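Shown next: upload.pdb, given as PDB, N, CA and C atoms.
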```pdb
ATOM      1  N   GLU A   1     -25.358  95.466  68.456
ATOM      2  CA  GLU A   1     -24.800  94.195  68.054
ATOM      3  C   GLU A   1     -24.979  93.191  69.189
ATOM      4  N   ARG A   2     -25.375  91.991  68.843
ATOM      5  CA  ARG A   2     -25.574  90.925  69.829
ATOM      6  C   ARG A   2     -24.365  90.002  69.799
ATOM      7  N   ILE A   3     -23.875  89.656  70.984
ATOM      8  CA  ILE A   3     -22.752  88.725  71.119
ATOM      9  C   ILE A   3     -23.205  87.572  72.000
ATOM     10  N   TRP A   4     -22.971  86.349  71.533
ATOM     11  CA  TRP A   4     -23.239  85.145  72.321
ATOM     12  C   TRP A   4     -21.905  84.479  72.610
ATOM     13  N   ILE A   5     -21.688  84.133  73.846
ATOM     14  CA  ILE A   5     -20.499  83.371  74.236
ATOM     15  C   ILE A   5     -21.002  82.163  75.008
ATOM     16  N   SER A   6     -20.659  80.974  74.532
ATOM     17  CA  SER A   6     -21.188  79.766  75.167
ATOM     18  C   SER A   6     -20.081  78.787  75.500
ATOM     19  N   GLY A   7     -20.433  77.784  76.300
ATOM     20  CA  GLY A   7     -19.515  76.688  76.605
ATOM     21  C   GLY A   7     -18.226  77.116  77.266
ATOM     22  N   THR A   8     -18.282  78.119  78.126
ATOM     23  CA  THR A   8     -17.062  78.650  78.734
ATOM     24  C   THR A   8     -16.777  77.946  80.054
ATOM     25  N   THR A   9     -15.609  77.340  80.130
ATOM     26  CA  THR A   9     -15.169  76.644  81.342
ATOM     27  C   THR A   9     -13.874  77.267  81.841
ATOM     28  N   ALA A  10     -13.450  76.846  83.014
ATOM     29  CA  ALA A  10     -12.212  77.355  83.621
ATOM     30  C   ALA A  10     -11.018  76.609  83.037
ATOM     31  N   THR A  11     -10.750  76.880  81.771
ATOM     32  CA  THR A  11      -9.671  76.207  81.058
ATOM     33  C   THR A  11      -8.649  77.224  80.592
ATOM     34  N   HIS A  12      -7.386  76.914  80.789
ATOM     35  CA  HIS A  12      -6.290  77.706  80.226
ATOM     36  C   HIS A  12      -5.392  76.726  79.481
ATOM     37  N   GLY A  13      -5.402  76.825  78.166
ATOM     38  CA  GLY A  13      -4.697  75.825  77.370
ATOM     39  C   GLY A  13      -5.381  74.484  77.532
ATOM     40  N   ARG A  14      -4.634  73.519  78.031
ATOM     41  CA  ARG A  14      -5.206  72.181  78.260
ATOM     42  C   ARG A  14      -5.421  71.916  79.743
ATOM     43  N   ARG A  15      -5.303  72.959  80.560
ATOM     44  CA  ARG A  15      -5.347  72.804  82.008
ATOM     45  C   ARG A  15      -6.606  73.435  82.602
ATOM     46  N   ALA A  16      -7.244  72.720  83.521
ATOM     47  CA  ALA A  16      -8.383  73.267  84.261
ATOM     48  C   ALA A  16      -7.849  74.154  85.382
ATOM     49  N   ILE A  17      -8.520  75.279  85.601
ATOM     50  CA  ILE A  17      -8.125  76.246  86.621
ATOM     51  C   ILE A  17      -9.146  76.205  87.758
ATOM     52  N   GLY A  18      -8.691  76.358  88.989
ATOM     53  CA  GLY A  18      -9.608  76.474  90.118
ATOM     54  C   GLY A  18      -9.799  75.216  90.922
ATOM     55  N   GLY A  19      -9.317  74.087  90.416
ATOM     56  CA  GLY A  19      -9.417  72.840  91.173
ATOM     57  C   GLY A  19     -10.835  72.535  91.595
ATOM     58  N   ALA A  20     -10.999  72.187  92.867
ATOM     59  CA  ALA A  20     -12.306  71.803  93.405
ATOM     60  C   ALA A  20     -13.079  72.992  93.964
ATOM     61  N   ASP A  21     -12.713  74.203  93.566
ATOM     62  CA  ASP A  21     -13.329  75.429  94.073
ATOM     63  C   ASP A  21     -14.236  76.026  92.994
ATOM     64  N   ALA A  22     -15.534  75.837  93.145
ATOM     65  CA  ALA A  22     -16.497  76.310  92.143
ATOM     66  C   ALA A  22     -16.453  77.828  91.997
ATOM     67  N   ALA A  23     -16.269  78.551  93.097
ATOM     68  CA  ALA A  23     -16.204  80.012  93.023
ATOM     69  C   ALA A  23     -14.982  80.456  92.230
ATOM     70  N   ALA A  24     -13.838  79.825  92.471
ATOM     71  CA  ALA A  24     -12.616  80.168  91.733
ATOM     72  C   ALA A  24     -12.804  79.894  90.247
ATOM     73  N   GLN A  25     -13.442  78.771  89.917
ATOM     74  CA  GLN A  25     -13.707  78.473  88.512
ATOM     75  C   GLN A  25     -14.628  79.530  87.908
ATOM     76  N   CYS A  26     -15.639  79.930  88.650
ATOM     77  CA  CYS A  26     -16.592  80.923  88.164
ATOM     78  C   CYS A  26     -15.896  82.264  87.906
ATOM     79  N   HIS A  27     -15.037  82.695  88.824
ATOM     80  CA  HIS A  27     -14.300  83.953  88.632
ATOM     81  C   HIS A  27     -13.423  83.876  87.389
ATOM     82  N   PHE A  28     -12.722  82.755  87.198
ATOM     83  CA  PHE A  28     -11.870  82.591  86.025
ATOM     84  C   PHE A  28     -12.706  82.644  84.748
ATOM     85  N   ILE A  29     -13.853  81.976  84.771
ATOM     86  CA  ILE A  29     -14.747  81.957  83.611
ATOM     87  C   ILE A  29     -15.213  83.368  83.268
ATOM     88  N   ILE A  30     -15.615  84.128  84.262
ATOM     89  CA  ILE A  30     -16.097  85.493  84.001
ATOM     90  C   ILE A  30     -14.967  86.359  83.451
ATOM     91  N   ASP A  31     -13.756  86.202  83.976
ATOM     92  CA  ASP A  31     -12.605  86.928  83.418
ATOM     93  C   ASP A  31     -12.407  86.560  81.950
ATOM     94  N   LYS A  32     -12.525  85.282  81.648
ATOM     95  CA  LYS A  32     -12.361  84.785  80.277
ATOM     96  C   LYS A  32     -13.449  85.362  79.364
ATOM     97  N   ILE A  33     -14.674  85.384  79.850
ATOM     98  CA  ILE A  33     -15.790  85.955  79.091
ATOM     99  C   ILE A  33     -15.568  87.447  78.871
ATOM    100  N   GLU A  34     -15.107  88.142  79.901
ATOM    101  CA  GLU A  34     -14.849  89.578  79.768
ATOM    102  C   GLU A  34     -13.804  89.837  78.676
ATOM    103  N   GLY A  35     -12.753  89.038  78.649
ATOM    104  CA  GLY A  35     -11.734  89.178  77.613
ATOM    105  C   GLY A  35     -12.289  88.928  76.221
ATOM    106  N   ALA A  36     -13.138  87.914  76.091
ATOM    107  CA  ALA A  36     -13.757  87.615  74.797
ATOM    108  C   ALA A  36     -14.657  88.764  74.353
ATOM    109  N   LEU A  37     -15.441  89.292  75.282
ATOM    110  CA  LEU A  37     -16.306  90.429  74.957
ATOM    111  C   LEU A  37     -15.480  91.618  74.483
ATOM    112  N   GLN A  38     -14.407  91.922  75.202
ATOM    113  CA  GLN A  38     -13.559  93.056  74.834
ATOM    114  C   GLN A  38     -12.953  92.864  73.448
ATOM    115  N   SER A  39     -12.564  91.638  73.123
ATOM    116  CA  SER A  39     -11.976  91.377  71.802
ATOM    117  C   SER A  39     -12.996  91.569  70.681
ATOM    118  N   LEU A  40     -14.278  91.539  71.031
ATOM    119  CA  LEU A  40     -15.356  91.717  70.056
ATOM    120  C   LEU A  40     -15.993  93.104  70.141
ATOM    121  N   GLY A  41     -15.384  94.003  70.925
ATOM    122  CA  GLY A  41     -15.888  95.364  71.040
ATOM    123  C   GLY A  41     -16.927  95.567  72.120
ATOM    124  N   GLY A  42     -17.091  94.594  72.997
ATOM    125  CA  GLY A  42     -18.074  94.702  74.074
ATOM    126  C   GLY A  42     -17.422  94.842  75.435
ATOM    127  N   ARG A  43     -18.267  94.910  76.446
ATOM    128  CA  ARG A  43     -17.819  95.016  77.834
ATOM    129  C   ARG A  43     -18.710  94.119  78.685
ATOM    130  N   LEU A  44     -18.239  93.803  79.868
ATOM    131  CA  LEU A  44     -19.039  92.998  80.782
ATOM    132  C   LEU A  44     -20.376  93.691  81.059
ATOM    133  N   GLU A  45     -20.373  95.013  81.087
ATOM    134  CA  GLU A  45     -21.592  95.788  81.345
ATOM    135  C   GLU A  45     -22.641  95.624  80.249
ATOM    136  N   ASP A  46     -22.263  95.080  79.101
ATOM    137  CA  ASP A  46     -23.203  94.853  78.002
ATOM    138  C   ASP A  46     -23.975  93.540  78.144
ATOM    139  N   VAL A  47     -23.606  92.718  79.116
ATOM    140  CA  VAL A  47     -24.239  91.407  79.289
ATOM    141  C   VAL A  47     -25.677  91.588  79.781
ATOM    142  N   VAL A  48     -26.613  90.953  79.082
ATOM    143  CA  VAL A  48     -28.028  91.034  79.454
ATOM    144  C   VAL A  48     -28.583  89.699  79.941
ATOM    145  N   ARG A  49     -27.836  88.605  79.709
ATOM    146  CA  ARG A  49     -28.317  87.278  80.109
ATOM    147  C   ARG A  49     -27.137  86.376  80.400
ATOM    148  N   THR A  50     -27.218  85.644  81.509
ATOM    149  CA  THR A  50     -26.195  84.652  81.836
ATOM    150  C   THR A  50     -26.871  83.326  82.158
ATOM    151  N   ARG A  51     -26.135  82.268  81.882
ATOM    152  CA  ARG A  51     -26.583  80.925  82.263
ATOM    153  C   ARG A  51     -25.407  80.234  82.918
ATOM    154  N   ILE A  52     -25.654  79.674  84.078
ATOM    155  CA  ILE A  52     -24.619  78.974  84.832
ATOM    156  C   ILE A  52     -25.033  77.515  84.944
ATOM    157  N   PHE A  53     -24.115  76.641  84.605
ATOM    158  CA  PHE A  53     -24.333  75.205  84.727
ATOM    159  C   PHE A  53     -23.351  74.684  85.765
ATOM    160  N   VAL A  54     -23.851  74.019  86.802
ATOM    161  CA  VAL A  54     -22.977  73.442  87.827
ATOM    162  C   VAL A  54     -23.094  71.921  87.780
ATOM    163  N   ARG A  55     -21.962  71.254  87.927
ATOM    164  CA  ARG A  55     -21.941  69.787  87.936
ATOM    165  C   ARG A  55     -22.655  69.258  89.176
ATOM    166  N   ASN A  56     -22.325  69.840  90.331
ATOM    167  CA  ASN A  56     -22.887  69.400  91.614
ATOM    168  C   ASN A  56     -23.788  70.498  92.160
ATOM    169  N   ILE A  57     -25.021  70.161  92.455
ATOM    170  CA  ILE A  57     -25.954  71.168  92.950
ATOM    171  C   ILE A  57     -25.455  71.798  94.249
ATOM    172  N   ALA A  58     -24.616  71.088  94.992
ATOM    173  CA  ALA A  58     -24.057  71.638  96.231
ATOM    174  C   ALA A  58     -23.190  72.867  95.963
ATOM    175  N   ASP A  59     -22.740  73.061  94.728
ATOM    176  CA  ASP A  59     -21.898  74.211  94.373
ATOM    177  C   ASP A  59     -22.695  75.427  93.925
ATOM    178  N   TRP A  60     -24.015  75.350  93.961
ATOM    179  CA  TRP A  60     -24.809  76.450  93.417
ATOM    180  C   TRP A  60     -24.571  77.758  94.156
ATOM    181  N   GLU A  61     -24.442  77.702  95.494
ATOM    182  CA  GLU A  61     -24.263  78.946  96.247
ATOM    183  C   GLU A  61     -22.923  79.603  95.944
ATOM    184  N   ALA A  62     -21.866  78.810  95.865
ATOM    185  CA  ALA A  62     -20.539  79.358  95.561
ATOM    186  C   ALA A  62     -20.532  79.989  94.172
ATOM    187  N   ALA A  63     -21.142  79.322  93.210
ATOM    188  CA  ALA A  63     -21.199  79.858  91.850
ATOM    189  C   ALA A  63     -22.058  81.120  91.797
ATOM    190  N   ALA A  64     -23.202  81.098  92.465
ATOM    191  CA  ALA A  64     -24.091  82.259  92.474
ATOM    192  C   ALA A  64     -23.434  83.448  93.169
ATOM    193  N   ARG A  65     -22.711  83.198  94.245
ATOM    194  CA  ARG A  65     -22.019  84.267  94.963
ATOM    195  C   ARG A  65     -20.949  84.910  94.071
ATOM    196  N   ALA A  66     -20.152  84.077  93.403
ATOM    197  CA  ALA A  66     -19.107  84.594  92.512
ATOM    198  C   ALA A  66     -19.732  85.393  91.365
ATOM    199  N   HIS A  67     -20.811  84.876  90.804
ATOM    200  CA  HIS A  67     -21.537  85.578  89.742
ATOM    201  C   HIS A  67     -22.026  86.928  90.262
ATOM    202  N   GLY A  68     -22.607  86.935  91.451
ATOM    203  CA  GLY A  68     -23.130  88.164  92.032
ATOM    204  C   GLY A  68     -22.062  89.208  92.292
ATOM    205  N   GLU A  69     -20.874  88.764  92.661
ATOM    206  CA  GLU A  69     -19.780  89.709  92.909
ATOM    207  C   GLU A  69     -19.403  90.468  91.644
ATOM    208  N   ARG A  70     -19.439  89.801  90.505
ATOM    209  CA  ARG A  70     -19.039  90.440  89.247
ATOM    210  C   ARG A  70     -20.194  91.133  88.528
ATOM    211  N   PHE A  71     -21.415  90.625  88.722
ATOM    212  CA  PHE A  71     -22.555  91.161  87.983
ATOM    213  C   PHE A  71     -23.524  91.951  88.866
ATOM    214  N   ARG A  72     -23.141  92.242  90.098
ATOM    215  CA  ARG A  72     -24.021  92.923  91.056
ATOM    216  C   ARG A  72     -24.633  94.199  90.475
ATOM    217  N   ASP A  73     -23.811  95.036  89.859
ATOM    218  CA  ASP A  73     -24.306  96.313  89.344
ATOM    219  C   ASP A  73     -24.911  96.201  87.947
ATOM    220  N   ILE A  74     -24.653  95.097  87.267
ATOM    221  CA  ILE A  74     -25.140  94.906  85.900
ATOM    222  C   ILE A  74     -26.515  94.243  85.910
ATOM    223  N   GLN A  75     -26.690  93.274  86.770
ATOM    224  CA  GLN A  75     -27.938  92.547  86.987
ATOM    225  C   GLN A  75     -28.561  91.967  85.714
ATOM    226  N   PRO A  76     -27.809  91.107  85.003
ATOM    227  CA  PRO A  76     -28.417  90.445  83.847
ATOM    228  C   PRO A  76     -29.415  89.384  84.306
ATOM    229  N   ALA A  77     -30.342  89.033  83.427
ATOM    230  CA  ALA A  77     -31.203  87.881  83.709
ATOM    231  C   ALA A  77     -30.279  86.676  83.853
ATOM    232  N   ASN A  78     -30.588  85.780  84.780
ATOM    233  CA  ASN A  78     -29.695  84.651  85.039
ATOM    234  C   ASN A  78     -30.490  83.378  85.273
ATOM    235  N   THR A  79     -29.937  82.287  84.780
ATOM    236  CA  THR A  79     -30.453  80.952  85.059
ATOM    237  C   THR A  79     -29.303  80.120  85.581
ATOM    238  N   LEU A  80     -29.543  79.334  86.619
ATOM    239  CA  LEU A  80     -28.534  78.425  87.154
ATOM    240  C   LEU A  80     -29.159  77.044  87.239
ATOM    241  N   VAL A  81     -28.511  76.065  86.608
ATOM    242  CA  VAL A  81     -29.032  74.702  86.611
ATOM    243  C   VAL A  81     -27.912  73.702  86.863
ATOM    244  N   GLN A  82     -28.290  72.546  87.346
ATOM    245  CA  GLN A  82     -27.348  71.437  87.478
ATOM    246  C   GLN A  82     -27.316  70.701  86.144
ATOM    247  N   ALA A  83     -26.104  70.345  85.699
ATOM    248  CA  ALA A  83     -25.961  69.638  84.425
ATOM    249  C   ALA A  83     -24.729  68.750  84.459
ATOM    250  N   ALA A  84     -24.763  67.686  83.678
ATOM    251  CA  ALA A  84     -23.588  66.827  83.523
ATOM    252  C   ALA A  84     -22.646  67.527  82.549
ATOM    253  N   LEU A  85     -21.527  68.021  83.054
ATOM    254  CA  LEU A  85     -20.574  68.749  82.223
ATOM    255  C   LEU A  85     -19.552  67.790  81.627
ATOM    256  N   VAL A  86     -19.008  68.164  80.489
ATOM    257  CA  VAL A  86     -17.989  67.350  79.829
ATOM    258  C   VAL A  86     -16.647  67.639  80.496
ATOM    259  N   GLY A  87     -16.046  66.623  81.099
ATOM    260  CA  GLY A  87     -14.783  66.784  81.813
ATOM    261  C   GLY A  87     -15.033  66.892  83.301
ATOM    262  N   GLU A  88     -14.644  65.873  84.040
ATOM    263  CA  GLU A  88     -14.928  65.837  85.477
ATOM    264  C   GLU A  88     -14.256  66.949  86.262
ATOM    265  N   GLU A  89     -13.197  67.536  85.707
ATOM    266  CA  GLU A  89     -12.498  68.614  86.406
ATOM    267  C   GLU A  89     -13.279  69.924  86.374
ATOM    268  N   TYR A  90     -14.293  70.000  85.523
ATOM    269  CA  TYR A  90     -15.079  71.224  85.413
ATOM    270  C   TYR A  90     -16.295  71.167  86.324
ATOM    271  N   LEU A  91     -16.370  72.118  87.230
ATOM    272  CA  LEU A  91     -17.493  72.211  88.163
ATOM    273  C   LEU A  91     -18.543  73.190  87.665
ATOM    274  N   VAL A  92     -18.111  74.149  86.829
ATOM    275  CA  VAL A  92     -18.985  75.230  86.373
ATOM    276  C   VAL A  92     -18.755  75.467  84.880
ATOM    277  N   GLU A  93     -19.829  75.773  84.187
ATOM    278  CA  GLU A  93     -19.757  76.235  82.795
ATOM    279  C   GLU A  93     -20.713  77.411  82.684
ATOM    280  N   MET A  94     -20.357  78.402  81.885
ATOM    281  CA  MET A  94     -21.220  79.576  81.731
ATOM    282  C   MET A  94     -21.377  79.947  80.269
ATOM    283  N   GLU A  95     -22.489  80.619  79.996
ATOM    284  CA  GLU A  95     -22.685  81.263  78.704
ATOM    285  C   GLU A  95     -23.354  82.607  78.954
ATOM    286  N   VAL A  96     -23.115  83.547  78.050
ATOM    287  CA  VAL A  96     -23.696  84.883  78.197
ATOM    288  C   VAL A  96     -24.213  85.384  76.856
ATOM    289  N   GLU A  97     -25.140  86.320  76.953
ATOM    290  CA  GLU A  97     -25.600  87.095  75.804
ATOM    291  C   GLU A  97     -25.364  88.554  76.148
ATOM    292  N   ALA A  98     -24.816  89.292  75.189
ATOM    293  CA  ALA A  98     -24.546  90.711  75.409
ATOM    294  C   ALA A  98     -25.122  91.523  74.260
ATOM    295  N   LEU A  99     -25.571  92.727  74.567
ATOM    296  CA  LEU A  99     -26.040  93.675  73.563
ATOM    297  C   LEU A  99     -25.115  94.883  73.614
ATOM    298  N   VAL A 100     -24.316  95.047  72.582
ATOM    299  CA  VAL A 100     -23.358  96.150  72.530
ATOM    300  C   VAL A 100     -24.037  97.354  71.884
ATOM    301  N   GLY A 101     -23.959  98.482  72.566
ATOM    302  CA  GLY A 101     -24.534  99.708  72.029
ATOM    303  C   GLY A 101     -26.028  99.837  72.234
ATOM    304  N   ALA A 102     -26.593  99.024  73.107
ATOM    305  CA  ALA A 102     -28.046  99.080  73.339
ATOM    306  C   ALA A 102     -28.402 100.178  74.319
TER     307      ALA A 102
END
```
Here is the file; what I need is its structure written in the form of structure tokens.
Amino acid sequence: ERIWISGTTATHGRRAIGGADAAAQCHFIIDKIEGALQSLGGRLEDVVRTRIFVRNIADWEAAARAHGERFRDIQPANTLVQAALVGEEYLVEMEVEALVGA
């Protein structure tokens, strides 16, 4: 089964999480994605592709480092690009593709 999760930001309710810390936002986003995967019968280990969008290119290393900490052993294909995100409080947005049972 293929699962796509897109447009994931560091949001809890109506509040942005992580402030001006791109790594903190990235960790929160990955936790959120992991929860969504689990609710659909998947696991973080099922992720085969990730895409990271950063508002400021200066945040690429912090986002990549946070991504690497969580996906080090999984090693999905990854793309990281700079993009104009909706909502100035968001520094990072992520999407993933997962294959469950592959």
Test item: the PyMOL selection byres (((chain A and resi 2 and name CA) around 12) and name CA) resolved as a ChimeraX atom specification: /A:1,3-5,37,40-43,46-49,96-102
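This file, filtered with the PyMOL selection byres ((chain A and resi 56) around 7), gives the residues Phe53, Val54, Arg55, Ile57, Ala58, Asp59, Trp60, Gln82, Ala83, Leu91 and Val92 of chain A.
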Nearest to Val81 (chain A) by atom-to-atom distance, counting all atoms listed in the file, from A:Met94, A:His12, A:Ile52, A:Ala64: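 Looking only at the distances to Val81 (chain A), the closest residue turns out to be A:Ile52.
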So that I can check the secondary structure, give me every residue of chain A assigned strand (DSSP E) by backbone DSSP, as a PDB file with N, CA and C atoms, in the frame of the given file.
```
ATOM      1  N   ARG A   2     -25.375  91.991  68.843  1.00  0.00           N
ATOM      2  CA  ARG A   2     -25.574  90.925  69.829  1.00  0.00           C
ATOM      3  C   ARG A   2     -24.365  90.002  69.799  1.00  0.00           C
ATOM      4  N   ILE A   3     -23.875  89.656  70.984  1.00  0.00           N
ATOM      5  CA  ILE A   3     -22.752  88.725  71.119  1.00  0.00           C
ATOM      6  C   ILE A   3     -23.205  87.572  72.000  1.00  0.00           C
ATOM      7  N   TRP A   4     -22.971  86.349  71.533  1.00  0.00           N
ATOM      8  CA  TRP A   4     -23.239  85.145  72.321  1.00  0.00           C
ATOM      9  C   TRP A   4     -21.905  84.479  72.610  1.00  0.00           C
ATOM     10  N   ILE A   5     -21.688  84.133  73.846  1.00  0.00           N
ATOM     11  CA  ILE A   5     -20.499  83.371  74.236  1.00  0.00           C
ATOM     12  C   ILE A   5     -21.002  82.163  75.008  1.00  0.00           C
ATOM     13  N   SER A   6     -20.659  80.974  74.532  1.00  0.00           N
ATOM     14  CA  SER A   6     -21.188  79.766  75.167  1.00  0.00           C
ATOM     15  C   SER A   6     -20.081  78.787  75.500  1.00  0.00           C
ATOM     16  N   GLY A   7     -20.433  77.784  76.300  1.00  0.00           N
ATOM     17  CA  GLY A   7     -19.515  76.688  76.605  1.00  0.00           C
ATOM     18  C   GLY A   7     -18.226  77.116  77.266  1.00  0.00           C
ATOM     19  N   THR A   8     -18.282  78.119  78.126  1.00  0.00           N
ATOM     20  CA  THR A   8     -17.062  78.650  78.734  1.00  0.00           C
ATOM     21  C   THR A   8     -16.777  77.946  80.054  1.00  0.00           C
ATOM     22  N   THR A  11     -10.750  76.880  81.771  1.00  0.00           N
ATOM     23  CA  THR A  11      -9.671  76.207  81.058  1.00  0.00           C
ATOM     24  C   THR A  11      -8.649  77.224  80.592  1.00  0.00           C
ATOM     25  N   HIS A  12      -7.386  76.914  80.789  1.00  0.00           N
ATOM     26  CA  HIS A  12      -6.290  77.706  80.226  1.00  0.00           C
ATOM     27  C   HIS A  12      -5.392  76.726  79.481  1.00  0.00           C
ATOM     28  N   ARG A  15      -5.303  72.959  80.560  1.00  0.00           N
ATOM     29  CA  ARG A  15      -5.347  72.804  82.008  1.00  0.00           C
ATOM     30  C   ARG A  15      -6.606  73.435  82.602  1.00  0.00           C
ATOM     31  N   ALA A  16      -7.244  72.720  83.521  1.00  0.00           N
ATOM     32  CA  ALA A  16      -8.383  73.267  84.261  1.00  0.00           C
ATOM     33  C   ALA A  16      -7.849  74.154  85.382  1.00  0.00           C
ATOM     34  N   VAL A  47     -23.606  92.718  79.116  1.00  0.00           N
ATOM     35  CA  VAL A  47     -24.239  91.407  79.289  1.00  0.00           C
ATOM     36  C   VAL A  47     -25.677  91.588  79.781  1.00  0.00           C
ATOM     37  N   VAL A  48     -26.613  90.953  79.082  1.00  0.00           N
ATOM     38  CA  VAL A  48     -28.028  91.034  79.454  1.00  0.00           C
ATOM     39  C   VAL A  48     -28.583  89.699  79.941  1.00  0.00           C
ATOM     40  N   ARG A  49     -27.836  88.605  79.709  1.00  0.00           N
ATOM     41  CA  ARG A  49     -28.317  87.278  80.109  1.00  0.00           C
ATOM     42  C   ARG A  49     -27.137  86.376  80.400  1.00  0.00           C
ATOM     43  N   THR A  50     -27.218  85.644  81.509  1.00  0.00           N
ATOM     44  CA  THR A  50     -26.195  84.652  81.836  1.00  0.00           C
ATOM     45  C   THR A  50     -26.871  83.326  82.158  1.00  0.00           C
ATOM     46  N   ARG A  51     -26.135  82.268  81.882  1.00  0.00           N
ATOM     47  CA  ARG A  51     -26.583  80.925  82.263  1.00  0.00           C
ATOM     48  C   ARG A  51     -25.407  80.234  82.918  1.00  0.00           C
ATOM     49  N   ILE A  52     -25.654  79.674  84.078  1.00  0.00           N
ATOM     50  CA  ILE A  52     -24.619  78.974  84.832  1.00  0.00           C
ATOM     51  C   ILE A  52     -25.033  77.515  84.944  1.00  0.00           C
ATOM     52  N   PHE A  53     -24.115  76.641  84.605  1.00  0.00           N
ATOM     53  CA  PHE A  53     -24.333  75.205  84.727  1.00  0.00           C
ATOM     54  C   PHE A  53     -23.351  74.684  85.765  1.00  0.00           C
ATOM     55  N   VAL A  54     -23.851  74.019  86.802  1.00  0.00           N
ATOM     56  CA  VAL A  54     -22.977  73.442  87.827  1.00  0.00           C
ATOM     57  C   VAL A  54     -23.094  71.921  87.780  1.00  0.00           C
ATOM     58  N   ALA A  77     -30.342  89.033  83.427  1.00  0.00           N
ATOM     59  CA  ALA A  77     -31.203  87.881  83.709  1.00  0.00           C
ATOM     60  C   ALA A  77     -30.279  86.676  83.853  1.00  0.00           C
ATOM     61  N   ASN A  78     -30.588  85.780  84.780  1.00  0.00           N
ATOM     62  CA  ASN A  78     -29.695  84.651  85.039  1.00  0.00           C
ATOM     63  C   ASN A  78     -30.490  83.378  85.273  1.00  0.00           C
ATOM     64  N   THR A  79     -29.937  82.287  84.780  1.00  0.00           N
ATOM     65  CA  THR A  79     -30.453  80.952  85.059  1.00  0.00           C
ATOM     66  C   THR A  79     -29.303  80.120  85.581  1.00  0.00           C
ATOM     67  N   LEU A  80     -29.543  79.334  86.619  1.00  0.00           N
ATOM     68  CA  LEU A  80     -28.534  78.425  87.154  1.00  0.00           C
ATOM     69  C   LEU A  80     -29.159  77.044  87.239  1.00  0.00           C
ATOM     70  N   VAL A  81     -28.511  76.065  86.608  1.00  0.00           N
ATOM     71  CA  VAL A  81     -29.032  74.702  86.611  1.00  0.00           C
ATOM     72  C   VAL A  81     -27.912  73.702  86.863  1.00  0.00           C
ATOM     73  N   GLN A  82     -28.290  72.546  87.346  1.00  0.00           N
ATOM     74  CA  GLN A  82     -27.348  71.437  87.478  1.00  0.00           C
ATOM     75  C   GLN A  82     -27.316  70.701  86.144  1.00  0.00           C
ATOM     76  N   VAL A  92     -18.111  74.149  86.829  1.00  0.00           N
ATOM     77  CA  VAL A  92     -18.985  75.230  86.373  1.00  0.00           C
ATOM     78  C   VAL A  92     -18.755  75.467  84.880  1.00  0.00           C
ATOM     79  N   GLU A  93     -19.829  75.773  84.187  1.00  0.00           N
ATOM     80  CA  GLU A  93     -19.757  76.235  82.795  1.00  0.00           C
ATOM     81  C   GLU A  93     -20.713  77.411  82.684  1.00  0.00           C
ATOM     82  N   MET A  94     -20.357  78.402  81.885  1.00  0.00           N
ATOM     83  CA  MET A  94     -21.220  79.576  81.731  1.00  0.00           C
ATOM     84  C   MET A  94     -21.377  79.947  80.269  1.00  0.00           C
ATOM     85  N   GLU A  95     -22.489  80.619  79.996  1.00  0.00           N
ATOM     86  CA  GLU A  95     -22.685  81.263  78.704  1.00  0.00           C
ATOM     87  C   GLU A  95     -23.354  82.607  78.954  1.00  0.00           C
ATOM     88  N   VAL A  96     -23.115  83.547  78.050  1.00  0.00           N
ATOM     89  CA  VAL A  96     -23.696  84.883  78.197  1.00  0.00           C
ATOM     90  C   VAL A  96     -24.213  85.384  76.856  1.00  0.00           C
ATOM     91  N   GLU A  97     -25.140  86.320  76.953  1.00  0.00           N
ATOM     92  CA  GLU A  97     -25.600  87.095  75.804  1.00  0.00           C
ATOM     93  C   GLU A  97     -25.364  88.554  76.148  1.00  0.00           C
ATOM     94  N   ALA A  98     -24.816  89.292  75.189  1.00  0.00           N
ATOM     95  CA  ALA A  98     -24.546  90.711  75.409  1.00  0.00           C
ATOM     96  C   ALA A  98     -25.122  91.523  74.260  1.00  0.00           C
ATOM     97  N   LEU A  99     -25.571  92.727  74.567  1.00  0.00           N
ATOM     98  CA  LEU A  99     -26.040  93.675  73.563  1.00  0.00           C
ATOM     99  C   LEU A  99     -25.115  94.883  73.614  1.00  0.00           C
TER     100      LEU A  99
END
```
Non-local contacts of region 25-33 of chain A (6.5 Å; only N, CA and C atoms; under 2 positions in same chain excluded) as a ChimeraX atom specification: /A:8-10,17-19,21-23,35-38,63,66-67,92
Nearby residues (only N, CA and C atoms) at most 7 Å from Ile74 (chain A), same-chain spacing under 2 positions excluded, as a PyMOL selection string: chain A and resi 44-45+47+70-72+76-77
Distance in Å - atom N of Glu93 (chain A) versus atom C of Gly7 (chain A): 7.2 Å
Distance of atom N of Thr50 (chain A) from atom N of Thr79 (chain A), expressed in Å to one decimal place: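 Rounded to one decimal, the two atoms are 5.4 Å apart.
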Kindly provide, as lines of an AutoDock Vina configuration file, the centre and edge lengths (Å, one decimal) of an axis-aligned box around all atoms of region 14-21 of chain A given in the file, with 5 Å on each side.
```
center_x = -9.4
center_y = 74.1
center_z = 86.1
size_x = 19.6
size_y = 14.7
size_z = 26.0
```
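Rounded to one decimal, CA of Glu89 (chain A) and CA of Gly68 (chain A) lie 23.0 Å from each other.
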